[in-house]
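Peer 1: What follows is the file query.cif, containing mmCIF, C-alpha atoms:
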data_coords
#
loop_
_atom_site.label_atom_id
_atom_site.label_comp_id
_atom_site.auth_asym_id
_atom_site.auth_seq_id
_atom_site.Cartn_x
_atom_site.Cartn_y
_atom_site.Cartn_z
CA MET A 1 29.73 -4.51 4.47
CA LEU A 2 27.86 -1.22 4.25
CA PRO A 3 28.71 1.40 1.63
CA ALA A 4 31.03 4.05 3.05
CA ILE A 5 28.32 6.71 2.87
CA TRP A 6 26.30 4.84 5.54
CA SER A 7 29.13 3.57 7.73
CA GLY A 8 28.51 4.30 11.38
CA GLN A 9 24.80 4.92 10.78
CA GLU A 10 23.48 2.00 12.82
CA ALA A 11 20.77 4.20 14.40
CA PHE A 12 19.58 5.29 10.96
CA LEU A 13 19.46 1.72 9.68
CA GLY A 14 17.61 0.54 12.77
CA ASN A 15 15.04 3.31 12.28
CA LEU A 16 14.71 2.37 8.63
CA ARG A 17 13.95 -1.25 9.43
CA GLU A 18 11.44 -0.17 12.08
CA LEU A 19 9.75 2.25 9.68
CA LEU A 20 9.38 -0.40 6.97
CA ALA A 21 7.90 -2.84 9.49
CA SER A 22 5.44 -0.20 10.74
CA VAL A 23 4.31 0.91 7.27
CA PHE A 24 3.66 -2.56 5.87
CA LYS A 25 2.00 -3.81 9.05
CA ARG A 26 -0.48 -0.92 8.96
CA LEU A 27 -0.87 -1.38 5.22
CA GLY A 28 -1.79 -5.03 5.74
CA ALA A 29 0.63 -6.04 2.98
CA VAL A 30 3.59 -8.35 2.68
CA PRO A 31 6.71 -6.59 4.06
CA PRO A 32 9.89 -6.32 1.98
CA MET A 33 12.68 -8.81 2.57
CA GLY A 34 15.12 -5.94 2.69
CA ILE A 35 16.42 -2.79 1.07
CA GLY A 36 19.34 -2.82 -1.33
CA ILE A 37 21.91 -0.09 -1.99
CA VAL A 38 24.24 0.40 -4.93
CA SER A 39 26.79 3.20 -4.60
CA VAL A 40 29.25 4.27 -7.32
CA THR A 41 31.75 7.08 -6.98
CA ARG A 42 32.14 9.35 -9.98
CA ASP A 43 35.92 8.88 -10.19
CA GLY A 44 35.52 5.26 -11.27
CA SER A 45 36.20 3.63 -7.91
CA PRO A 46 34.85 0.11 -7.38
CA ILE A 47 31.12 -0.22 -6.94
CA GLN A 48 29.76 -0.83 -3.42
CA MET A 49 26.64 -2.91 -2.76
CA SER A 50 24.70 -3.89 0.29
CA GLN A 51 21.37 -5.39 1.33
CA ILE A 52 19.91 -4.45 4.71
CA ARG A 53 17.69 -7.08 6.27
CA SER A 54 16.09 -7.38 9.69
CA SER A 55 18.75 -9.92 10.64
CA GLY A 56 21.68 -7.78 9.49
CA THR A 57 23.46 -6.67 6.36
CA ILE A 58 23.85 -9.20 3.54
CA PHE A 59 24.84 -9.04 -0.09
CA ASP A 60 25.79 -12.15 -2.03
CA PRO A 61 27.14 -11.30 -5.51
CA HIS A 62 26.79 -14.96 -6.51
CA GLU A 63 23.04 -14.74 -5.89
CA GLN A 64 22.58 -11.84 -8.31
CA PRO A 65 25.62 -11.93 -10.63
CA GLN A 66 23.84 -10.05 -13.44
CA LEU A 67 23.33 -7.10 -11.12
CA ALA A 68 26.99 -6.94 -10.15
CA GLU A 69 28.16 -7.35 -13.74
CA ALA A 70 25.73 -4.78 -15.17
CA THR A 71 26.48 -2.10 -12.60
CA GLU A 72 30.24 -2.66 -12.78
CA SER A 73 30.13 -2.39 -16.56
CA THR A 74 28.08 0.81 -16.41
CA ALA A 75 30.39 2.35 -13.83
CA LYS A 76 33.53 1.62 -15.85
CA HIS A 77 32.00 2.84 -19.11
CA MET A 78 30.58 6.06 -17.72
CA ALA A 79 33.63 6.86 -15.57
CA ASN A 80 35.60 7.49 -18.75
CA SER A 81 32.83 9.50 -20.39
CA ALA A 82 32.37 13.26 -20.41
CA ALA A 83 28.76 12.61 -19.40
CA ARG A 84 29.89 12.00 -15.83
CA ASN A 85 30.29 15.76 -15.38
CA ILE A 86 26.68 16.50 -16.38
CA SER A 87 24.16 16.38 -13.54
CA ILE A 88 20.36 16.48 -13.35
CA HIS A 89 18.79 17.13 -9.93
CA GLY A 90 22.09 16.25 -8.25
CA ALA A 91 22.61 12.89 -9.98
CA SER A 92 25.03 12.50 -12.90
CA LEU A 93 23.95 11.02 -16.21
CA ARG A 94 25.97 8.00 -15.22
CA GLY A 95 23.71 7.76 -12.19
CA PHE A 96 20.64 7.62 -14.41
CA ALA A 97 22.32 4.97 -16.55
CA LEU A 98 23.21 3.10 -13.36
CA ALA A 99 19.56 3.14 -12.21
CA LYS A 100 18.47 1.71 -15.57
CA GLU A 101 21.09 -1.03 -15.42
CA VAL A 102 20.11 -1.98 -11.86
CA ARG A 103 16.44 -2.05 -12.87
CA ASP A 104 17.12 -4.20 -15.95
CA ALA A 105 19.50 -6.52 -14.11
CA LEU A 106 17.08 -7.12 -11.24
CA LYS A 107 14.32 -7.75 -13.77
CA ASP A 108 16.45 -10.60 -15.13
CA CYS A 109 17.55 -11.88 -11.71
CA ASP A 110 14.26 -11.76 -9.84
CA PRO A 111 12.41 -14.68 -11.51
CA ARG A 112 15.38 -16.99 -11.00
CA ILE A 113 15.55 -16.39 -7.24
CA SER A 114 11.78 -15.82 -6.68
CA ARG A 115 12.08 -12.11 -5.89
CA ARG A 116 10.28 -8.93 -6.98
CA SER A 117 12.28 -5.71 -6.73
CA TYR A 118 11.45 -2.01 -7.08
CA VAL A 119 14.27 0.38 -7.95
CA SER A 120 14.56 4.07 -7.11
CA GLU A 121 15.89 6.84 -9.29
CA ALA A 122 19.54 7.80 -8.91
CA VAL A 123 20.53 10.20 -6.16
CA GLY A 124 23.66 12.34 -6.15
CA LEU A 125 25.29 12.21 -2.71
CA GLY A 126 28.65 13.95 -2.47
CA THR A 127 30.88 12.37 -5.07
CA SER A 128 28.75 9.26 -5.41
CA ASP A 129 25.62 8.17 -7.27
CA VAL A 130 23.29 6.01 -5.19
CA VAL A 131 20.43 3.71 -6.25
CA LEU A 132 18.10 1.96 -3.78
CA TRP A 133 15.73 -0.95 -4.22
CA LEU A 134 13.16 -2.80 -2.12
CA GLU A 135 13.05 -6.57 -2.51
CA PHE A 136 9.99 -8.79 -1.92
CA ASP A 137 9.31 -12.48 -1.85
CA ARG A 138 7.73 -12.98 -5.27
CA ALA A 139 5.01 -15.48 -4.30
CA LYS A 140 3.77 -13.34 -1.40
CA HIS A 141 4.04 -10.14 -3.46
CA ASP A 142 1.96 -11.56 -6.31
CA ARG A 143 -0.92 -12.29 -3.94
CA MET A 144 -1.37 -8.59 -3.27
CA PRO A 145 -4.28 -7.01 -5.22
CA SER A 146 -3.27 -4.96 -8.26
CA VAL A 147 -4.30 -4.27 -11.85
CA PHE A 148 -2.40 -3.77 -15.10
CA MET A 149 -2.96 -0.29 -16.57
CA LYS A 150 -1.59 1.59 -19.53
CA SER A 151 0.66 4.56 -18.80
CA LEU A 152 3.14 6.80 -20.57
CA LEU A 153 5.78 4.12 -19.92
CA GLY A 154 3.69 1.25 -21.26
CA THR A 155 1.70 -1.26 -19.22
CA GLU A 156 2.33 -1.15 -15.49
CA ASN A 157 1.15 -3.14 -12.50
CA VAL A 158 -0.65 -0.73 -10.18
CA GLY A 159 -1.89 -1.29 -6.66
CA LEU A 160 -1.63 0.11 -3.15
CA LEU A 161 1.50 -1.93 -2.42
CA GLN A 162 3.25 -0.56 -5.49
CA SER A 163 2.20 3.00 -4.62
CA ALA A 164 3.52 2.65 -1.05
CA VAL A 165 6.85 1.36 -2.36
CA GLU A 166 7.21 4.31 -4.73
CA VAL A 167 6.44 6.77 -1.93
CA ILE A 168 8.97 5.13 0.42
CA LEU A 169 11.74 5.04 -2.19
CA GLY A 170 10.98 8.62 -3.20
CA ARG A 171 11.20 9.85 0.38
CA LEU A 172 14.38 7.92 1.03
CA CYS A 173 15.98 9.49 -2.03
CA ASP A 174 14.79 12.98 -1.05
CA GLU A 175 16.21 12.60 2.46
CA LEU A 176 19.56 11.02 1.62
CA GLY A 177 21.24 14.39 1.18
CA LYS A 178 19.86 15.87 4.41
CA SER A 179 22.55 15.22 6.99
CA ASP A 180 20.40 16.68 9.77
CA LEU A 181 17.59 14.10 9.60
CA TRP A 182 17.66 10.51 8.39
CA ILE A 183 21.40 10.08 7.99
CA SER A 184 22.02 11.42 11.50
CA GLY A 185 19.85 8.68 12.99
CA HIS A 186 17.11 11.05 14.12
CA ARG A 187 14.40 9.17 16.04
CA TRP A 188 11.25 9.14 13.93
CA GLU A 189 7.71 9.27 15.21
CA MET A 190 6.96 5.95 13.57
CA LYS A 191 3.16 5.88 13.81
CA ALA A 192 2.68 9.41 12.48
CA LEU A 193 5.26 8.93 9.74
CA ALA A 194 3.82 5.56 8.70
CA GLU A 195 0.30 7.01 8.42
CA ASP A 196 1.63 9.99 6.45
CA ILE A 197 3.35 7.63 4.00
CA LEU A 198 0.20 5.54 3.64
CA ARG A 199 -1.99 8.57 2.97
CA GLU A 200 0.47 9.71 0.31
CA ALA A 201 0.37 6.19 -1.17
CA GLY A 202 -3.44 6.45 -1.36
CA ARG A 203 -3.16 9.79 -3.18
CA HIS A 204 -0.57 8.31 -5.53
CA LEU A 205 -2.80 5.32 -6.37
CA MET A 206 -5.87 7.47 -7.09
CA ARG A 207 -3.79 9.85 -9.25
CA ARG A 208 -2.64 6.89 -11.35
CA ILE A 209 -6.20 5.64 -11.79
CA ARG A 210 -7.51 9.13 -12.58
CA PHE A 211 -4.80 9.62 -15.22
CA SER A 212 -5.58 6.26 -16.85
CA LEU A 213 -9.23 7.35 -17.23
CA THR A 214 -8.94 11.05 -18.03
CA ARG A 215 -5.33 11.55 -19.16
CA SER A 216 -5.12 14.23 -16.47
CA TYR A 217 -3.94 14.15 -12.87
CA GLY A 218 -6.34 16.94 -11.92
CA SER A 219 -5.75 19.78 -9.50
CA SER A 220 -7.26 18.10 -6.44
CA SER A 221 -6.70 14.89 -4.50
CA LEU A 222 -9.42 12.35 -5.27
CA PHE A 223 -8.25 10.26 -2.32
CA ASP A 224 -8.82 13.12 0.15
CA GLU A 225 -12.17 14.01 -1.43
CA LEU A 226 -13.42 10.44 -1.04
CA ASN A 227 -12.35 10.41 2.61
CA THR A 228 -14.24 13.65 3.22
CA LEU A 229 -17.35 12.25 1.54
CA ALA A 230 -17.11 9.07 3.64
CA SER A 231 -17.03 11.10 6.86
CA ILE A 232 -20.35 12.96 6.31
CA ARG A 233 -23.70 11.70 7.54
CA TYR A 234 -26.92 12.57 5.71
CA GLU A 235 -29.93 12.87 8.00
CA GLN A 236 -28.15 10.62 10.52
CA THR A 237 -27.47 7.89 7.93
CA GLU A 238 -23.96 6.67 7.16
CA PRO A 239 -22.68 6.80 3.55
CA MET A 240 -23.49 3.53 1.78
CA GLY A 241 -23.77 4.43 -1.92
CA GLY A 242 -21.37 3.89 -4.79
CA LEU A 243 -19.55 5.82 -7.52
CA VAL A 244 -18.29 4.66 -10.90
CA LEU A 245 -15.10 6.35 -12.13
CA GLU A 246 -16.11 7.29 -15.67
CA PRO A 247 -13.50 7.69 -18.43
CA VAL A 248 -13.49 10.74 -20.65
CA GLY A 249 -15.62 10.26 -23.76
CA SER A 250 -18.15 7.86 -22.25
CA THR A 251 -21.80 8.43 -23.19
CA ALA A 252 -23.44 7.38 -19.94
CA GLU A 253 -27.07 8.45 -19.43
CA PRO A 254 -28.78 10.19 -17.79
CA LEU A 255 -26.53 13.15 -16.98
CA PHE A 256 -27.19 16.06 -14.67
CA SER A 257 -27.56 19.49 -16.26
CA SER A 258 -25.06 20.76 -13.67
CA PRO A 259 -22.39 18.34 -12.35
CA VAL A 260 -21.94 18.17 -8.58
CA ASP A 261 -18.33 18.79 -7.60
CA LEU A 262 -16.75 16.78 -4.80
CA ASP A 263 -15.26 20.01 -3.44
CA ASP A 264 -18.85 20.82 -2.40
CA PRO A 265 -19.06 17.85 0.02
CA ALA A 266 -22.56 18.61 1.35
CA ALA A 267 -24.10 18.57 -2.15
CA ALA A 268 -22.02 15.55 -3.18
CA ARG A 269 -23.18 13.67 -0.08
CA LYS A 270 -26.83 14.25 -1.07
CA MET A 271 -26.11 12.81 -4.52
CA LEU A 272 -24.39 9.80 -2.93
CA GLN A 273 -27.57 9.14 -0.94
CA MET A 274 -29.38 8.47 -4.24
CA ALA A 275 -26.61 6.24 -5.61
CA ARG A 276 -27.93 2.93 -4.25
CA ARG A 277 -27.77 -0.31 -6.18
CA PRO A 278 -28.56 -0.90 -8.96
CA TYR A 279 -27.91 2.84 -9.45
CA TRP A 280 -24.41 4.28 -9.21
CA GLY A 281 -23.17 7.85 -9.27
CA LEU A 282 -20.99 8.62 -12.31
CA LEU A 283 -17.77 10.36 -11.28
CA ARG A 284 -15.66 12.12 -13.91
CA TRP A 285 -12.56 13.99 -12.80
CA SER A 286 -13.91 15.31 -9.46
CA ALA A 287 -17.60 15.78 -10.23
CA ILE A 288 -20.67 13.54 -10.10
CA ILE A 289 -22.14 13.94 -13.60
CA GLY A 290 -25.20 11.66 -13.32
CA LEU A 291 -26.75 8.40 -12.17
CA ALA A 292 -26.95 5.14 -14.11
CA LYS A 293 -27.76 1.47 -13.67
CA ARG A 294 -24.77 -0.83 -13.59
CA ALA A 295 -24.20 -4.57 -13.49
CA PRO A 296 -22.92 -5.92 -10.15
CA ALA A 297 -19.30 -6.13 -11.31
CA ASP A 298 -18.13 -4.78 -14.65
CA PRO A 299 -14.53 -6.03 -15.17
CA ALA A 300 -13.60 -2.86 -17.09
CA GLU A 301 -14.70 -0.33 -14.46
CA PHE A 302 -13.19 1.23 -11.39
CA ARG A 303 -15.73 1.84 -8.63
CA VAL A 304 -15.82 3.24 -5.12
CA GLN A 305 -18.25 1.56 -2.73
CA PHE A 306 -18.92 3.38 0.54
CA ARG A 307 -19.45 1.06 3.50
CA GLY A 308 -20.30 3.31 6.42
CA GLN A 309 -18.74 6.09 8.41
CA GLY A 310 -15.19 6.68 7.22
CA ARG A 311 -15.01 3.46 5.15
CA TRP A 312 -14.91 2.85 1.41
CA ASP A 313 -13.59 0.21 -1.01
CA LEU A 314 -11.83 0.75 -4.33
CA LEU A 315 -13.03 -1.93 -6.78
CA HIS A 316 -11.94 -3.05 -10.22
CA GLY A 317 -14.53 -5.50 -11.44
CA PRO A 318 -14.98 -8.04 -8.62
CA LYS A 319 -11.51 -7.30 -7.19
CA ARG A 320 -10.99 -5.02 -4.19
CA LEU A 321 -7.79 -3.05 -4.81
CA ALA A 322 -7.79 -1.01 -1.60
CA GLN A 323 -9.98 0.09 1.26
CA GLY A 324 -10.06 3.39 3.11
CA LYS A 325 -10.51 3.37 6.88
CA VAL A 326 -10.80 6.76 8.60
CA GLY A 327 -8.47 8.43 6.11
CA VAL A 328 -5.79 5.70 5.95
CA PRO A 329 -5.68 3.21 3.03
CA GLN A 330 -5.10 -0.50 3.52
CA VAL A 331 -4.77 -3.60 1.41
CA PRO A 332 -8.10 -5.50 1.72
CA ALA A 333 -7.78 -8.39 4.14
CA ARG A 334 -8.33 -11.84 2.67
CA ARG A 335 -11.55 -13.43 3.87
CA LEU A 336 -10.94 -16.43 6.08
CA SER A 337 -11.35 -19.62 4.06
CA ARG A 338 -12.47 -22.98 5.39
CA HIS A 339 -9.08 -24.47 4.48
CA ARG A 340 -7.13 -21.86 6.48
CA PHE A 341 -9.50 -22.17 9.43
CA ALA A 342 -9.30 -25.99 9.38
CA ARG A 343 -5.49 -25.86 9.52
CA ALA A 344 -5.56 -23.44 12.47
CA PHE A 345 -8.21 -25.55 14.22
CA ALA A 346 -6.12 -28.71 13.82
CA ARG A 347 -3.06 -26.96 15.33
CA THR A 348 -5.09 -25.67 18.30
CA PHE A 349 -7.18 -28.80 18.93
CA PRO A 350 -5.09 -31.73 17.61
CA SER A 351 -7.22 -34.28 19.51
CA ASN A 352 -10.49 -33.09 17.96
CA VAL A 353 -9.82 -32.35 14.30
CA THR A 354 -13.35 -33.38 13.28
CA GLY A 355 -14.83 -30.62 15.43
CA VAL A 356 -14.16 -28.13 12.65
CA GLU A 357 -17.32 -29.36 10.89
CA LYS A 358 -19.44 -28.06 13.77
CA VAL A 359 -17.50 -24.84 14.40
CA TRP A 360 -17.08 -23.61 10.82
CA PRO A 361 -20.82 -22.70 10.33
CA LEU A 362 -20.58 -20.57 13.49
CA VAL A 363 -17.46 -18.84 12.14
CA GLN A 364 -19.25 -18.09 8.87
CA ALA A 365 -22.20 -16.59 10.75
CA ALA A 366 -19.83 -14.43 12.82
CA MET A 367 -18.07 -13.12 9.69
CA ARG A 368 -21.41 -12.00 8.26
CA GLN A 369 -22.10 -9.69 11.21
CA GLY A 370 -21.91 -6.01 10.37
CA HIS A 371 -20.00 -4.92 13.48
CA GLY A 372 -18.06 -8.05 14.34
CA ALA A 373 -18.75 -10.90 16.72
CA MET A 374 -16.85 -12.97 19.24
CA LEU A 375 -16.73 -16.76 19.52
CA VAL A 376 -15.71 -18.11 22.92
CA VAL A 377 -14.26 -21.62 23.15
CA ALA A 378 -14.78 -23.18 26.59
CA ALA A 379 -14.74 -26.68 28.06
CA ASP A 380 -18.24 -26.24 29.53
CA ALA A 381 -19.77 -24.71 26.40
CA SER A 382 -22.54 -27.35 26.37
CA ARG A 383 -23.94 -26.04 29.66
CA PRO A 384 -26.65 -23.34 29.52
CA LEU A 385 -25.20 -19.85 29.71
CA MET A 386 -26.43 -18.06 32.84
CA ALA A 387 -25.85 -14.32 33.15
CA PRO A 388 -24.40 -13.54 36.60
CA PHE A 389 -26.41 -11.37 38.96
CA LEU A 390 -24.58 -8.13 39.83
CA SER A 391 -25.34 -6.62 43.21
CA ILE A 392 -25.04 -2.92 44.03
CA GLN A 393 -21.89 -3.68 46.00
CA MET A 394 -20.28 -5.45 43.04
CA VAL A 395 -21.08 -2.55 40.67
CA SER A 396 -19.64 -0.04 43.16
CA ALA A 397 -16.47 -2.11 43.50
CA MET A 398 -16.05 -2.25 39.73
CA GLN A 399 -16.51 1.53 39.39
CA SER A 400 -13.75 2.15 41.91
CA VAL A 401 -11.18 0.33 39.81
CA SER A 402 -8.93 2.64 37.78
CA PHE A 403 -7.58 1.52 34.42
#
When written as structure tokens, how does the structure in this file appear?
Peer 2:
Amino acid sequence: MLPAIWSGQEAFLGNLRELLASVFKRLGAVPPMGIGIVSVTRDGSPIQMSQIRSSGTIFDPHEQPQLAEATESTAKHMANSAARNISIHGASLRGFALAKEVRDALKDCDPRISRRSYVSEAVGLGTSDVVLWLEFDRAKHDRMPSVFMKSLLGTENVGLLQSAVEVILGRLCDELGKSDLWISGHRWEMKALAEDILREAGRHLMRRIRFSLTRSYGSSSLFDELNTLASIRYEQTEPMGGLVLEPVGSTAEPLFSSPVDLDDPAAARKMLQMARRPYWGLLRWSAIIGLAKRAPADPAEFRVQFRGQGRWDLLHGPKRLAQGKVGVPQVPARRLSRHRFARAFARTFPSNVTGVEKVWPLVQAAMRQGHGAMLVVAADASRPLMAPFLSIQMVSAMQSVSF
């Protein structure tokens, strides 16, 4: 059963499910299994829980008993405390304690039931405190590229998936109190909203990386600056160089006498033209400070490799953490392996499973093509391919067809 604050909001919940599906499909990442809600009224009323899934609304307290026990205990304790009357950004102190208990309880529950959950901050909504969480299948989640980095809160797992989740939960919490938008079931422009969320996730990820290297978030968006740089041609050539994100205090040589700021994209693009392997541009904060030779894949470095018009990869050692495509970040697609292809081939051609030995070299050659290639499977493939002759009448007939 849904918490009372969302009763009658079927349109809102349908939009929410559609938005999550759109965001994670465009991201190229594993979608969440569902979104969970914990609602506690400040007068000590019983706690309300729910999990929204694509198939409906489910919450099984026997599946996550620690969560139910921890939140119930927190609610009862804080309901009798004077702290319940103190609020920060609309949420009571009990709400912040509730968020911590939900986070800790899910951390204990998740390994037992093969889940991975992300918990929002508490939100004050009327007389209630609300906490949300997104829940993922743990095995699929752990296959997503990420890296452990030190932060003010300790060591955290950081990647594009994690950044997208934080942006989604943050926006949900910001919008919960606006009765004229999400709660009213307003019809979202899904594509535009999904791309906006993904761009914000890209900015969030690059801010985290920049802070880990410089202990400063900076005044500009490194994500947007990289997209601008990737969009500029230099003497008709597409951007193909690379940048190393240098930490503060490094003694890389040689250095330019005057750094080239990324907010001067024309000058930065000229510098990128010189940053061809084995040389890389050295990027500190938002300025290219020099050029230096680098090994193919240093496991301790973050790098940005430009791969043509509007495209770049974020690397950490040999691992690709994210890729930018025309201003929108995505999780790098896994390269097709022989094992995966063989399984698909056997499903499609069960009477000719040995044919994979002949087809796989062709698939490998197609994957190496810079702009893609198409393999056509046909019964008469052994016959010589003859290009059909097109007469003037045939061309005229084709031109008259409207699409």
Peer 1: For atom CA of Lys191 of chain A and atom CA of Arg233 of chain A, determine how far apart the two atoms are, in Å to one decimal place.
Peer 2: 28.2 Å
Peer 1: Counting all atoms listed in the file, find residues at most 8 Å from (-10.5, 2.2, -19.2) (file frame) and give them as a PyMOL selection string.
Peer 2: chain A and resi 212-213+247+300-301
Peer 1: Between atom CA of Leu160 of chain A and atom CA of Leu205 of chain A, what is the distance, to one decimal in Å?
Peer 2: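 Atom-to-atom, atom CA of Leu160 of chain A and atom CA of Leu205 of chain A are spaced 6.2 Å apart.
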Peer 1: Where does the PyMOL selection byres ((chain A and resi 27) around 12) land in this file, that is, which residues does it pick, as a PyMOL selection string?
Peer 2: chain A and resi 20-26+28-31+144+159-165+191+194-199+201-202+322-325+328-333
Peer 1: In Å, with one decimal, what is the gap from atom CA of Gln273 of chain A to atom CA of Gly241 of chain A?
Peer 2: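 Atom-to-atom, atom CA of Gln273 of chain A and atom CA of Gly241 of chain A are spaced 6.1 Å apart.
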Peer 1: Taking (-11.0, -24.5, 5.0) in the coordinates of the supplied file, I want to know which residues reach to within 12 Å of it, counting only C-alpha atoms; could you give the answer as an MDAnalysis selection string?
Peer 2: chainID A and resid 335:346 356:357 359:361 363:364
Peer 1: Can you list, as a list in words, the residues that the PyMOL selection byres ((chain A and resi 242) around 7) selects here?
Peer 2: Met240, Gly241, Leu243, Val244, Leu272, Ala275, Arg276, Trp280, Gly281, Val304, Gln305 and Phe306 of chain A
Peer 1: Go through A:Tyr279, A:Phe211, A:Phe223, A:Trp133 and flag the residue nearest Lys150 of chain A, using all atoms listed in the file for the distances.
Peer 2: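 Using all atoms listed in the file, Lys150 of chain A sits closest to A:Phe211.
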Peer 1: Find the residues around Pro239 of chain A up to 9 Å (all atoms listed in the file counted), leave out those fewer than 3 positions away in its own chain, and share them as a list in words.
Peer 2: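 Returned residues: Leu229, Ala230, Ser231, Ile232, Arg233, Tyr234, Gly242, Arg269, Leu272, Gln273, Phe306, Arg307, Gly308, Gln309, Gly310, Arg311 and Trp312 of chain A.
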Peer 1: For a quick check of understanding, using all atoms listed in the file, which of A:Gly317, A:Gly290, A:Gly36, A:Pro350 has the smallest distance to Asp261 of chain A?
Peer 2: A:Gly290
Peer 1: What do you get, as a list in words, if you spell out every residue that the PyMOL selection byres ((chain A and resi 169) around 9) selects here?
Peer 2: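 On the file shown, the PyMOL selection byres ((chain A and resi 169) around 9) covers Tyr118, Val119, Ser120, Glu121, Leu132, Trp133, Leu134, Ala164, Val165, Glu166, Val167, Ile168, Gly170, Arg171, Leu172, Cys173 and Asp174 of chain A.
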Peer 1: As AutoDock Vina command-line options, what would the box around segment 194-210 of chain A look like: edges along x, y and z, 6 Å added on every side, centre and edge lengths in Å to one decimal?
Peer 2:
--center_x -1.8 --center_y 7.7 --center_z -1.9 --size_x 23.3 --size_y 16.7 --size_z 33.3
Peer 1: Point out the residue among A:Leu176, A:His141, A:Arg215, A:Ile113 with the least atom-to-atom distance to Asp129 of chain A, counting only C-alpha atoms.
Peer 2: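 Answer, going by the shortest atom-to-atom distance: A:Leu176.
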